[in-house]
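Shown next: entry.csv, given as CSV, C-alpha atoms and all ligand atoms.
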chain,number,residue,atom,x,y,z
A,144,MET,CA,17.2,-25.2,8.4
A,145,ALA,CA,14.0,-24.0,6.7
A,146,SER,CA,13.4,-25.0,3.1
A,147,LEU,CA,11.3,-22.5,1.3
A,148,PRO,CA,12.5,-22.9,-2.2
A,149,LYS,CA,9.6,-21.4,-4.1
A,150,LEU,CA,9.3,-18.4,-1.8
A,151,LEU,CA,13.0,-17.7,-2.2
A,152,SER,CA,13.0,-18.2,-6.0
A,153,PRO,CA,13.1,-15.4,-8.6
A,154,LEU,CA,10.0,-14.1,-10.3
A,155,GLN,CA,9.3,-11.8,-13.2
A,156,LEU,CA,7.0,-9.1,-11.9
A,157,GLY,CA,5.9,-7.3,-15.0
A,158,ASP,CA,9.1,-5.5,-16.3
A,159,VAL,CA,10.9,-6.1,-13.0
A,160,GLN,CA,12.9,-9.3,-12.2
A,161,ILE,CA,12.9,-10.0,-8.5
A,162,PRO,CA,15.4,-12.4,-6.8
A,163,ASN,CA,12.9,-13.7,-4.3
A,164,ARG,CA,9.1,-13.5,-3.6
A,165,VAL,CA,9.4,-12.0,-0.1
A,166,LEU,CA,8.1,-8.5,-0.6
A,167,MET,CA,8.1,-5.8,2.0
A,168,ALA,CA,4.6,-4.5,2.5
A,169,PRO,CA,4.0,-0.7,2.6
A,170,LEU,CA,4.3,0.6,6.1
A,171,THR,CA,3.6,4.1,7.2
A,172,ARG,CA,6.2,5.1,9.8
A,173,VAL,CA,5.8,8.9,10.0
A,174,ARG,CA,9.5,9.6,10.0
A,175,ALA,CA,9.4,12.3,7.3
A,176,THR,CA,9.6,16.0,8.2
A,177,GLU,CA,6.6,18.1,9.0
A,178,ALA,CA,6.7,19.3,5.4
A,179,HIS,CA,6.4,15.6,4.4
A,180,VAL,CA,10.0,15.4,3.0
A,181,PRO,CA,11.7,12.0,3.3
A,182,THR,CA,14.8,12.0,5.6
A,183,SER,CA,18.2,10.3,5.6
A,184,LEU,CA,16.9,8.1,8.4
A,185,MET,CA,14.3,6.8,6.0
A,186,ALA,CA,17.1,6.1,3.5
A,187,GLU,CA,18.9,4.1,6.1
A,188,TYR,CA,15.7,2.1,7.1
A,189,TYR,CA,14.9,1.2,3.5
A,190,GLY,CA,18.5,0.5,2.6
A,191,GLN,CA,18.6,-2.0,5.5
A,192,ARG,CA,15.7,-3.9,3.9
A,193,ALA,CA,17.1,-4.0,0.3
A,194,SER,CA,17.2,-7.9,0.3
A,195,ALA,CA,13.4,-7.9,-0.2
A,196,GLY,CA,12.4,-9.2,-3.5
A,197,LEU,CA,10.7,-5.8,-3.8
A,198,ILE,CA,10.2,-3.0,-1.3
A,199,ILE,CA,6.9,-1.3,-1.5
A,200,ALA,CA,7.6,2.0,0.2
A,201,GLU,CA,4.9,3.5,2.5
A,202,ALA,CA,1.8,5.4,1.6
A,203,THR,CA,2.9,8.7,0.1
A,204,ALA,CA,0.6,11.7,-0.6
A,205,VAL,CA,0.1,12.6,-4.2
A,206,CYS,CA,-0.9,16.2,-3.4
A,207,ASP,CA,-0.8,18.9,-0.7
A,208,GLY,CA,-3.5,18.9,1.9
A,209,ALA,CA,-4.0,15.2,2.1
A,210,SER,CA,-2.3,14.3,5.4
A,211,ALA,CA,-3.9,11.7,7.6
A,212,PHE,CA,-1.1,11.0,10.1
A,213,GLY,CA,1.3,14.0,10.1
A,214,ASN,CA,5.0,13.4,9.1
A,215,GLU,CA,4.0,11.0,6.4
A,216,PRO,CA,5.9,11.6,3.2
A,217,GLY,CA,4.6,13.2,0.0
A,218,ILE,CA,5.8,13.2,-3.6
A,219,HIS,CA,4.3,16.4,-5.0
A,220,ASN,CA,7.2,18.9,-4.8
A,221,GLY,CA,10.9,19.1,-5.5
A,222,ALA,CA,12.2,18.8,-1.9
A,223,GLN,CA,10.1,15.5,-1.6
A,224,VAL,CA,11.5,14.2,-4.9
A,225,ALA,CA,15.1,15.0,-3.7
A,226,GLY,CA,14.4,13.3,-0.3
A,227,TRP,CA,13.0,10.1,-2.0
A,228,ALA,CA,16.0,10.1,-4.4
A,229,LYS,CA,18.3,9.5,-1.3
A,230,VAL,CA,16.0,6.6,-0.4
A,231,THR,CA,16.1,5.0,-3.9
A,232,ASP,CA,19.9,5.5,-4.1
A,233,ALA,CA,20.3,3.7,-0.7
A,234,VAL,CA,18.2,0.8,-1.8
A,235,HIS,CA,19.9,0.5,-5.2
A,236,ALA,CA,23.3,0.8,-3.7
A,237,GLN,CA,22.5,-2.4,-1.7
A,238,GLY,CA,21.2,-4.1,-4.9
A,239,GLY,CA,17.5,-3.8,-4.1
A,240,ARG,CA,14.3,-2.7,-5.9
A,241,ILE,CA,11.7,-0.3,-4.6
A,242,PHE,CA,8.2,0.8,-5.7
A,243,LEU,CA,6.4,3.8,-4.2
A,244,GLN,CA,2.9,3.5,-2.9
A,245,LEU,CA,0.9,6.4,-4.2
A,246,TRP,CA,-1.9,7.5,-1.9
A,247,HIS,CA,-4.6,10.1,-1.1
A,248,GLY,CA,-5.9,9.8,2.5
A,249,GLY,CA,-9.4,11.0,1.5
A,250,ARG,CA,-11.9,11.2,4.4
A,251,ALA,CA,-9.2,10.0,6.8
A,252,CYS,CA,-7.4,13.4,6.4
A,253,HIS,CA,-8.1,15.5,9.5
A,254,PRO,CA,-8.6,19.3,9.4
A,255,GLN,CA,-6.0,19.7,12.2
A,256,LEU,CA,-3.3,18.4,9.8
A,257,ASN,CA,-4.5,20.2,6.7
A,258,GLY,CA,-4.8,23.9,7.6
A,259,GLY,CA,-8.4,23.4,8.8
A,260,ALA,CA,-9.6,21.9,5.5
A,261,LEU,CA,-12.0,18.9,5.7
A,262,GLY,CA,-11.0,15.6,4.2
A,263,VAL,CA,-12.6,14.8,0.8
A,264,ALA,CA,-14.6,11.7,-0.3
A,265,PRO,CA,-17.1,10.4,-2.7
A,266,SER,CA,-19.9,11.3,-0.2
A,267,PRO,CA,-20.0,13.3,3.0
A,268,ILE,CA,-20.0,10.2,5.4
A,269,ALA,CA,-17.7,10.3,8.4
A,270,ILE,CA,-15.4,7.4,9.5
A,271,THR,CA,-16.9,6.2,12.9
A,272,GLY,CA,-15.2,2.8,13.4
A,273,ASN,CA,-11.8,4.2,14.4
A,274,LYS,CA,-10.3,7.5,15.3
A,275,ALA,CA,-7.8,9.7,13.4
A,276,ALA,CA,-4.2,9.0,14.6
A,277,LEU,CA,-2.6,12.5,14.9
A,278,PRO,CA,0.9,13.1,16.3
A,279,THR,CA,-0.8,14.8,19.2
A,280,GLY,CA,-3.2,11.9,19.9
A,281,GLU,CA,-6.4,10.3,18.6
A,282,LEU,CA,-9.3,12.5,17.5
A,283,GLU,CA,-12.8,11.7,16.2
A,284,HIS,CA,-13.0,11.9,12.4
A,285,GLN,CA,-15.2,14.7,10.9
A,286,ALA,CA,-17.6,14.3,8.0
A,287,PRO,CA,-15.7,14.9,4.8
A,288,ARG,CA,-16.5,17.2,1.9
A,289,GLU,CA,-18.0,15.6,-1.3
A,290,LEU,CA,-15.7,15.9,-4.3
A,291,SER,CA,-17.1,17.6,-7.4
A,292,LEU,CA,-16.7,16.0,-10.8
A,293,ALA,CA,-14.0,18.5,-11.7
A,294,GLU,CA,-12.1,17.7,-8.5
A,295,ILE,CA,-12.3,14.0,-9.2
A,296,THR,CA,-10.5,14.7,-12.5
A,297,GLY,CA,-8.0,16.7,-10.5
A,298,VAL,CA,-7.3,13.7,-8.2
A,299,MET,CA,-6.5,11.6,-11.3
A,300,HIS,CA,-4.1,14.3,-12.5
A,301,ALA,CA,-2.5,14.4,-9.1
A,302,PHE,CA,-1.8,10.7,-9.2
A,303,ARG,CA,-0.4,11.1,-12.7
A,304,SER,CA,2.1,13.8,-11.7
A,305,ALA,CA,3.0,12.0,-8.6
A,306,ALA,CA,3.8,8.9,-10.7
A,307,ALA,CA,6.0,11.1,-12.9
A,308,ASN,CA,7.7,12.5,-9.8
A,309,ALA,CA,8.3,9.0,-8.5
A,310,LYS,CA,10.1,8.2,-11.8
A,311,GLN,CA,12.3,11.3,-11.3
A,312,ALA,CA,13.1,10.2,-7.8
A,313,GLY,CA,14.5,6.9,-9.1
A,314,PHE,CA,11.9,4.4,-8.1
A,315,ASP,CA,11.5,1.1,-10.0
A,316,GLY,CA,7.7,1.5,-10.2
A,317,VAL,CA,4.6,2.6,-8.3
A,318,GLU,CA,1.8,0.8,-6.4
A,319,VAL,CA,-1.6,2.5,-6.5
A,320,HIS,CA,-3.1,2.5,-3.0
A,321,GLY,CA,-6.6,1.3,-3.5
A,322,ALA,CA,-7.0,-0.2,0.1
A,323,ASN,CA,-7.8,0.5,3.7
A,324,GLY,CA,-10.6,3.1,3.3
A,325,TYR,CA,-8.5,5.9,1.8
A,326,LEU,CA,-9.8,7.9,-1.1
A,327,LEU,CA,-9.7,5.4,-4.0
A,328,ASP,CA,-11.1,2.6,-1.8
A,329,ALA,CA,-13.8,4.9,-0.5
A,330,PHE,CA,-15.0,5.3,-4.1
A,331,LEU,CA,-14.8,1.5,-4.7
A,332,ARG,CA,-16.6,0.1,-1.8
A,333,SER,CA,-20.3,0.7,-1.5
A,334,SER,CA,-20.5,1.8,2.2
A,335,ALA,CA,-18.6,5.0,1.6
A,336,ASN,CA,-20.0,5.9,-1.8
A,337,GLN,CA,-23.6,7.1,-2.2
A,338,ARG,CA,-23.0,9.1,-5.4
A,339,THR,CA,-25.6,9.0,-8.2
A,340,ASP,CA,-23.3,10.2,-11.0
A,341,ASN,CA,-20.8,8.2,-13.1
A,342,TYR,CA,-18.6,7.6,-10.0
A,343,GLY,CA,-21.3,5.9,-7.8
A,344,GLY,CA,-23.8,3.1,-7.8
A,345,ALA,CA,-22.9,0.2,-10.0
A,346,VAL,CA,-19.5,-1.4,-9.6
A,347,GLU,CA,-18.3,-0.1,-12.9
A,348,ASN,CA,-18.9,3.4,-11.7
A,349,ARG,CA,-17.4,2.9,-8.2
A,350,ALA,CA,-14.3,1.4,-9.8
A,351,ARG,CA,-14.0,4.3,-12.4
A,352,LEU,CA,-11.7,6.5,-10.4
A,353,LEU,CA,-9.3,3.7,-9.4
A,354,LEU,CA,-9.2,2.5,-13.0
A,355,GLU,CA,-8.6,6.1,-14.3
A,356,VAL,CA,-5.7,6.5,-11.8
A,357,VAL,CA,-4.2,3.1,-12.8
A,358,GLU,CA,-4.4,4.1,-16.5
A,359,ALA,CA,-2.7,7.4,-15.7
A,360,CYS,CA,0.1,5.6,-13.9
A,361,CYS,CA,0.5,3.1,-16.7
A,362,GLU,CA,0.8,6.0,-19.2
A,363,VAL,CA,3.7,7.3,-17.1
A,364,TRP,CA,5.4,4.0,-16.3
A,365,GLY,CA,4.0,1.3,-18.6
A,366,GLY,CA,1.8,-1.4,-17.0
A,367,GLY,CA,4.8,-3.6,-16.2
A,368,ARG,CA,6.0,-1.2,-13.5
A,369,VAL,CA,2.6,-0.5,-11.8
A,370,GLY,CA,1.0,-2.5,-9.0
A,371,VAL,CA,-2.4,-2.1,-7.4
A,372,ARG,CA,-3.2,-2.8,-3.7
A,373,VAL,CA,-6.8,-3.6,-2.5
A,374,SER,CA,-8.3,-4.8,0.8
A,375,PRO,CA,-11.8,-6.2,0.0
A,376,LEU,CA,-12.6,-7.3,3.6
A,377,ASN,CA,-10.8,-4.7,5.7
A,378,SER,CA,-13.3,-2.8,7.9
A,379,TYR,CA,-10.6,-0.2,9.0
A,380,ASN,CA,-11.8,3.3,8.4
A,381,SER,CA,-15.5,2.2,8.5
A,382,MET,CA,-15.3,0.3,5.2
A,383,LYS,CA,-17.7,-2.4,4.0
A,384,ASP,CA,-18.8,-3.6,0.6
A,385,ASP,CA,-22.2,-5.2,-0.1
A,386,SER,CA,-20.7,-7.8,-2.4
A,387,PRO,CA,-16.9,-7.9,-2.2
A,388,VAL,CA,-16.5,-10.9,-4.5
A,389,GLU,CA,-18.5,-9.3,-7.2
A,390,THR,CA,-16.8,-5.9,-6.8
A,391,TYR,CA,-13.2,-7.3,-6.8
A,392,SER,CA,-13.8,-9.9,-9.5
A,393,PHE,CA,-15.0,-7.1,-11.7
A,394,LEU,CA,-12.0,-5.0,-10.8
A,395,ALA,CA,-9.6,-7.9,-11.4
A,396,GLU,CA,-11.0,-8.5,-14.9
A,397,ARG,CA,-10.7,-4.9,-15.8
A,398,LEU,CA,-7.1,-4.8,-14.4
A,399,ASN,CA,-6.1,-7.7,-16.7
A,400,THR,CA,-6.1,-5.3,-19.6
A,401,TYR,CA,-3.2,-3.2,-18.2
A,402,LYS,CA,-0.7,-6.1,-17.9
A,403,LEU,CA,0.4,-4.8,-14.5
A,404,ALA,CA,3.4,-5.9,-12.5
A,405,TYR,CA,1.0,-7.3,-9.9
A,406,LEU,CA,-2.2,-7.1,-8.0
A,407,HIS,CA,-1.7,-7.0,-4.2
A,408,MET,CA,-4.5,-8.4,-2.1
A,409,MET,CA,-4.9,-8.0,1.7
A,410,ARG,CA,-6.8,-11.1,2.5
A,411,ALA,CA,-8.4,-10.2,5.8
A,412,ASP,CA,-9.7,-7.5,8.1
A,413,PHE,CA,-7.5,-5.6,10.7
A,414,PHE,CA,-10.5,-5.8,13.1
A,415,LYS,CA,-11.5,-9.4,12.1
A,416,ALA,CA,-15.1,-8.4,11.7
A,417,GLN,CA,-15.5,-9.1,8.0
A,418,LYS,CA,-14.6,-12.7,6.9
A,419,GLY,CA,-14.6,-14.7,3.8
A,420,ASP,CA,-12.4,-16.0,1.0
A,421,VAL,CA,-11.6,-13.3,-1.5
A,422,LEU,CA,-8.3,-14.8,-2.8
A,423,THR,CA,-9.8,-17.8,-4.6
A,424,PRO,CA,-12.3,-15.8,-6.8
A,425,ILE,CA,-9.7,-13.1,-7.5
A,426,ARG,CA,-7.1,-15.8,-8.4
A,427,ALA,CA,-9.6,-17.1,-10.9
A,428,ALA,CA,-10.4,-13.7,-12.4
A,429,TYR,CA,-7.0,-12.1,-12.4
A,430,LYS,CA,-4.5,-13.3,-15.0
A,431,GLY,CA,-1.3,-11.6,-13.8
A,432,ASN,CA,0.9,-11.9,-10.7
A,433,LEU,CA,-1.1,-12.1,-7.5
A,434,VAL,CA,0.6,-10.9,-4.3
A,435,GLY,CA,-1.0,-11.9,-0.9
A,436,ASN,CA,-0.6,-10.2,2.4
A,437,MET,CA,-1.7,-10.3,6.0
A,438,GLY,CA,-0.5,-12.7,8.7
A,439,TYR,CA,1.6,-15.0,6.5
A,440,THR,CA,4.5,-17.0,8.0
A,441,GLY,CA,7.2,-18.1,5.7
A,442,GLU,CA,5.8,-21.7,5.6
A,443,GLU,CA,2.3,-20.5,4.8
A,444,ALA,CA,3.6,-18.3,2.0
A,445,GLU,CA,5.7,-21.1,0.6
A,446,ALA,CA,2.6,-23.4,0.6
A,447,ALA,CA,0.4,-20.8,-1.1
A,448,ILE,CA,2.9,-20.4,-3.9
A,449,VAL,CA,3.5,-24.1,-4.3
A,450,GLU,CA,-0.3,-24.7,-4.5
A,451,GLY,CA,-0.6,-21.9,-7.1
A,452,LYS,CA,-2.8,-19.7,-4.9
A,453,LEU,CA,-0.3,-16.8,-5.0
A,454,ASP,CA,2.9,-15.7,-6.9
A,455,ALA,CA,4.5,-13.8,-4.0
A,456,VAL,CA,3.8,-12.6,-0.5
A,457,ALA,CA,4.2,-9.2,1.1
A,458,PHE,CA,5.3,-9.2,4.8
A,459,GLY,CA,4.5,-6.1,6.9
A,460,THR,CA,5.2,-6.3,10.6
A,461,SER,CA,7.8,-9.1,10.3
A,462,PHE,CA,9.8,-7.1,7.7
A,463,LEU,CA,9.6,-4.0,9.9
A,464,ALA,CA,11.2,-6.0,12.8
A,465,ASN,CA,13.6,-8.1,10.7
A,466,PRO,CA,15.6,-6.1,8.1
A,467,ASP,CA,17.1,-9.3,6.7
A,468,LEU,CA,13.8,-11.2,6.6
A,469,PRO,CA,14.6,-13.3,3.4
A,470,GLU,CA,17.8,-14.6,4.9
A,471,ARG,CA,16.2,-15.4,8.2
A,472,LEU,CA,13.4,-17.3,6.4
A,473,SER,CA,15.9,-19.2,4.4
A,474,GLN,CA,17.8,-20.3,7.5
A,475,GLY,CA,14.7,-20.9,9.6
A,476,ALA,CA,16.2,-18.3,12.1
A,477,PRO,CA,14.0,-16.9,14.8
A,478,LEU,CA,12.2,-13.6,14.1
A,479,HIS,CA,12.2,-10.5,16.2
A,480,LYS,CA,8.9,-9.3,17.4
A,481,PRO,CA,7.8,-5.8,16.2
A,482,ASP,CA,7.5,-3.2,18.8
A,483,SER,CA,4.1,-1.6,18.1
A,484,SER,CA,4.7,1.2,20.6
A,485,LYS,CA,7.3,2.6,18.1
A,486,PHE,CA,5.3,2.2,14.9
A,487,TYR,CA,4.3,5.8,14.7
A,488,THR,CA,7.0,7.6,16.7
A,489,ALA,CA,10.0,9.8,15.7
A,490,GLY,CA,13.6,8.8,15.4
A,491,PRO,CA,15.6,5.6,15.0
A,492,ALA,CA,14.2,3.7,18.0
A,493,GLY,CA,12.0,0.8,16.8
A,494,TYR,CA,12.9,1.8,13.3
A,495,THR,CA,16.5,1.4,12.2
A,496,ASP,CA,17.7,-0.4,15.4
A,497,TYR,CA,16.4,-3.9,14.7
A,498,PRO,CA,19.5,-6.1,14.3
A,499,THR,CA,20.4,-8.3,11.4
A,500,MET,CA,21.7,-11.8,12.0
A,501,VAL,CA,25.3,-12.1,13.1
A,502,LYS,CA,27.2,-13.7,10.2
A,503,ALA,CA,29.1,-16.9,11.2
B,1,LIG,C1,2.7,0.4,11.2
B,1,LIG,C2,1.9,0.0,10.0
B,1,LIG,C3,1.8,0.9,9.0
B,1,LIG,C4,1.1,0.5,7.8
B,1,LIG,N1,1.1,1.4,6.7
B,1,LIG,C5,0.5,1.0,5.6
B,1,LIG,C6,0.6,1.8,4.4
B,1,LIG,O1,1.3,2.9,4.4
B,1,LIG,N2,0.0,1.4,3.3
B,1,LIG,C7,-0.7,0.2,3.2
B,1,LIG,O2,-1.3,-0.2,2.2
B,1,LIG,N3,-0.8,-0.6,4.3
B,1,LIG,C8,-0.2,-0.3,5.5
B,1,LIG,N4,-0.2,-1.1,6.5
B,1,LIG,C9,-0.7,-2.5,6.4
B,1,LIG,C10,0.4,-3.4,6.1
B,1,LIG,O3,1.0,-3.1,4.8
B,1,LIG,C11,0.0,-4.9,6.1
B,1,LIG,O4,-1.1,-5.0,5.3
B,1,LIG,C12,-0.3,-5.4,7.5
B,1,LIG,O5,0.8,-5.1,8.4
B,1,LIG,C13,-0.6,-6.9,7.5
B,1,LIG,O6,0.5,-7.6,7.0
B,1,LIG,P1,1.4,-8.4,8.1
B,1,LIG,O7,0.5,-9.4,8.8
B,1,LIG,O8,2.5,-9.1,7.2
B,1,LIG,O9,2.0,-7.5,9.0
B,1,LIG,C14,0.4,-0.7,7.7
B,1,LIG,C15,0.5,-1.6,8.8
B,1,LIG,C16,1.2,-1.2,10.0
B,1,LIG,C17,1.3,-2.2,11.1
Kindly transcribe the structure held in the file into C-alpha cells.
Amino acid sequence: MASLPKLLSPLQLGDVQIPNRVLMAPLTRVRATEAHVPTSLMAEYYGQRASAGLIIAEATAVCDGASAFGNEPGIHNGAQVAGWAKVTDAVHAQGGRIFLQLWHGGRACHPQLNGGALGVAPSPIAITGNKAALPTGELEHQAPRELSLAEITGVMHAFRSAAANAKQAGFDGVEVHGANGYLLDAFLRSSANQRTDNYGGAVENRARLLLEVVEACCEVWGGGRVGVRVSPLNSYNSMKDDSPVETYSFLAERLNTYKLAYLHMMRADFFKAQKGDVLTPIRAAYKGNLVGNMGYTGEEAEAAIVEGKLDAVAFGTSFLANPDLPERLSQGAPLHKPDSSKFYTAGPAGYTDYPTMVKA
C-alpha cells in the first residue's frame, strides 16, 4: 500500500479547488476529425481520466492554418466548440475538472497540412533537429515566414477569442502553451528569435507576446483560471536559450502579477541534450502554484511536494496508459506501460482501451 498523502491531498489552484495533485499533462493524440473537430471518442477518453486533480486537455489550435500534426483539435469555430462541449460534459459528469491547452504550432506547422502555407515564426529559421510528424509520415521542416507586427497582434487576438470559445465549450480554465518550440516559445527563447523590434532581443521583448497572450486570457477568464506551460530546457523543435535561468526567472516574476492558477514547468529535455536545474530558481522567483512535469513517479512527486519544491505534478505517459492513475498511485498498484506505437494513430486502440483496476 503506497502512502502518498500530500500528492493525493486537495489544493486550491487559483479559483479551482482540486481534490488531488495528480494532474493529467496535455497530450496530443490526433483523434479529432480532419476538420479539427473533437469527437465522441475523445469525450470517452477524457471522461475515463476524470479522477485527475485537473485534466489539461491537449494542444488545441487557436486559429485556422496552424496545424502541425493533422487531426489535432482546434477551438476557432462553432463545430469545434460543440465537439469540445461533449468532452467537458463527459468529464464533469464524472466529477472532474478540465482546462484546455491553447496553442499555435508556429514554425512546426507544415505547408502540406495547411493548404501550402508556410509556418510562421518570429524569424525565418527552420527546425532542423527533428522532422515534422505528418499523418502520412515524417517530412523535413521548411523555413517559416516571419510574422509582421500587425500579424503578431492578430496572434494575440486569436488566443483571446479561443479563450472565449473555451469558456463557451464549458472548460474550467485554459493553459497557455508556451513550451516545446511552438509559436510562443519560439518568440521566448533566443535561438529561434532574431528580431530587432519590440518582440526580439532583450528578454522583456522576447517574453512580450507570451505575456500579451496571458493578459488576454486573463481578461477572458480571470487569472485564477489561467495556467501557463513552459519548457526552459527542451531542445525539441531545435530550441535553445542562451540563458534559461535568466529568461525564465524574468518570466516568472512578470507572471506573478496575474495571480494565475499555476505555472507548469517541464523540468528536462525530450532529447536529454540540455541539462540543468531550472526548478529551483523558478520556485524562488514564482509566488503562485508551481506544477512540475517530466518523468515523475508517484514517490518522487510526493517527495517534491513534501520538500516544498512543487505544489502539484502533471503526469503524461503514465496517465495516458492508466486512466485511474490517482487510485493506482494511492494503492501502490502496478502501472500499465504506454504503447508509443499508438500515440498518434486513429481509433480506440491504445487510446480508450487501457483498463482500470478491477474493484474488489
Ligand atoms: C504522445 C504525446 C503527446 C504530447 N502532447 C503534448 C501537448 O499537446 N502539449 C504539451 O505541452 N506537451 C505535450 N507532450 C508532452 C507531455 O505533456 C509531457 O511533458 C511528457 O510526456 C513528459 O511527461 P511524462 O514523463 O509524465 O510523460 C506530449 C507528449 C507525448 C508523449
With a distance cut-off of 12 Å and only C-alpha atoms, select the neighbouring residues of Arg397 (chain A), excluding the residue or stretch itself and same-chain residues fewer than 5 positions from it, and output the selection as number ranges by chain.
A: 346-347, 350-351, 353-355, 357-358, 390-392, 402-403, 406, 425, 428-431
Distance cut-off 12 Å, centre (-12.7, 9.8, 5.8) in file coordinates, counting only C-alpha atoms: which residues qualify? Return them as a ChimeraX atom specification.
/A:209-211,247-254,261-275,283-289,323-330,334-336,379-382
Go through A:Asn308, A:Thr171, A:Gln223, A:Ser378 and flag the residue nearest ligand LIG 1 (chain B), using all atoms listed in the file for the distances.
A:Thr171
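Interatomic distance, CA of Met500 (chain A) to CA of Gln155 (chain A): 28.1 Å.
Relative to CA of Phe413 (chain A), CA of Lys452 (chain A) is found at 21.5 Å.
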Show me which residues sit within 10 Å of ligand LIG 1 (chain B) when counting only C-alpha atoms and all ligand atoms, and put them as a PyMOL selection string.
chain A and resi 166-173+199-203+215-216+244-246+318-325+371-374+377+407-413+435-440+456-463+481-487
Could you dump the residues just selected with C-alpha atoms as a JSON list (two decimals), in the coordinates of the input?
[["chain", "number", "residue", "atom", "x", "y", "z"],
["A", 166, "LEU", "CA", 8.10, -8.50, -0.60],
["A", 167, "MET", "CA", 8.10, -5.80, 2.00],
["A", 168, "ALA", "CA", 4.60, -4.50, 2.50],
["A", 169, "PRO", "CA", 4.00, -0.70, 2.60],
["A", 170, "LEU", "CA", 4.30, 0.60, 6.10],
["A", 171, "THR", "CA", 3.60, 4.10, 7.20],
["A", 172, "ARG", "CA", 6.20, 5.10, 9.80],
["A", 173, "VAL", "CA", 5.80, 8.90, 10.00],
["A", 199, "ILE", "CA", 6.90, -1.30, -1.50],
["A", 200, "ALA", "CA", 7.60, 2.00, 0.20],
["A", 201, "GLU", "CA", 4.90, 3.50, 2.50],
["A", 202, "ALA", "CA", 1.80, 5.40, 1.60],
["A", 203, "THR", "CA", 2.90, 8.70, 0.10],
["A", 215, "GLU", "CA", 4.00, 11.00, 6.40],
["A", 216, "PRO", "CA", 5.90, 11.60, 3.20],
["A", 244, "GLN", "CA", 2.90, 3.50, -2.90],
["A", 245, "LEU", "CA", 0.90, 6.40, -4.20],
["A", 246, "TRP", "CA", -1.90, 7.50, -1.90],
["A", 318, "GLU", "CA", 1.80, 0.80, -6.40],
["A", 319, "VAL", "CA", -1.60, 2.50, -6.50],
["A", 320, "HIS", "CA", -3.10, 2.50, -3.00],
["A", 321, "GLY", "CA", -6.60, 1.30, -3.50],
["A", 322, "ALA", "CA", -7.00, -0.20, 0.10],
["A", 323, "ASN", "CA", -7.80, 0.50, 3.70],
["A", 324, "GLY", "CA", -10.60, 3.10, 3.30],
["A", 325, "TYR", "CA", -8.50, 5.90, 1.80],
["A", 371, "VAL", "CA", -2.40, -2.10, -7.40],
["A", 372, "ARG", "CA", -3.20, -2.80, -3.70],
["A", 373, "VAL", "CA", -6.80, -3.60, -2.50],
["A", 374, "SER", "CA", -8.30, -4.80, 0.80],
["A", 377, "ASN", "CA", -10.80, -4.70, 5.70],
["A", 407, "HIS", "CA", -1.70, -7.00, -4.20],
["A", 408, "MET", "CA", -4.50, -8.40, -2.10],
["A", 409, "MET", "CA", -4.90, -8.00, 1.70],
["A", 410, "ARG", "CA", -6.80, -11.10, 2.50],
["A", 411, "ALA", "CA", -8.40, -10.20, 5.80],
["A", 412, "ASP", "CA", -9.70, -7.50, 8.10],
["A", 413, "PHE", "CA", -7.50, -5.60, 10.70],
["A", 435, "GLY", "CA", -1.00, -11.90, -0.90],
["A", 436, "ASN", "CA", -0.60, -10.20, 2.40],
["A", 437, "MET", "CA", -1.70, -10.30, 6.00],
["A", 438, "GLY", "CA", -0.50, -12.70, 8.70],
["A", 439, "TYR", "CA", 1.60, -15.00, 6.50],
["A", 440, "THR", "CA", 4.50, -17.00, 8.00],
["A", 456, "VAL", "CA", 3.80, -12.60, -0.50],
["A", 457, "ALA", "CA", 4.20, -9.20, 1.10],
["A", 458, "PHE", "CA", 5.30, -9.20, 4.80],
["A", 459, "GLY", "CA", 4.50, -6.10, 6.90],
["A", 460, "THR", "CA", 5.20, -6.30, 10.60],
["A", 461, "SER", "CA", 7.80, -9.10, 10.30],
["A", 462, "PHE", "CA", 9.80, -7.10, 7.70],
["A", 463, "LEU", "CA", 9.60, -4.00, 9.90],
["A", 481, "PRO", "CA", 7.80, -5.80, 16.20],
["A", 482, "ASP", "CA", 7.50, -3.20, 18.80],
["A", 483, "SER", "CA", 4.10, -1.60, 18.10],
["A", 484, "SER", "CA", 4.70, 1.20, 20.60],
["A", 485, "LYS", "CA", 7.30, 2.60, 18.10],
["A", 486, "PHE", "CA", 5.30, 2.20, 14.90],
["A", 487, "TYR", "CA", 4.30, 5.80, 14.70]]
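Atom pair CA of Ile448 (chain A) / CA of Arg164 (chain A): separated by 9.3 Å.
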Using all atoms listed in the file, find the one residue out of A:Ser386, A:Asn214, A:Asn399, A:Thr488 that sits nearest to Leu433 (chain A).
A:Asn399
Name the residues in contact with Ala175 (chain A) at a cut-off of 10 Å, using only C-alpha atoms, excluding same-chain residues fewer than 2 positions from it; report them as a list of chain:residue names.
A:Arg172, A:Val173, A:Glu177, A:Ala178, A:His179, A:Val180, A:Pro181, A:Thr182, A:Ser183, A:Leu184, A:Met185, A:Gly213, A:Asn214, A:Glu215, A:Pro216, A:Gly217, A:Gln223, A:Gly226, A:Ala489, A:Gly490
Counting only C-alpha atoms, which residue out of A:Asp207, A:Ser291, A:Leu422, A:Ala446 sits closest to Ala260 (chain A)?
A:Asp207
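Distances to Val363 (chain A) were evaluated for A:Tyr405, A:Phe302, A:Tyr189, A:Phe393 using only C-alpha atoms, and the minimum falls at A:Phe302.
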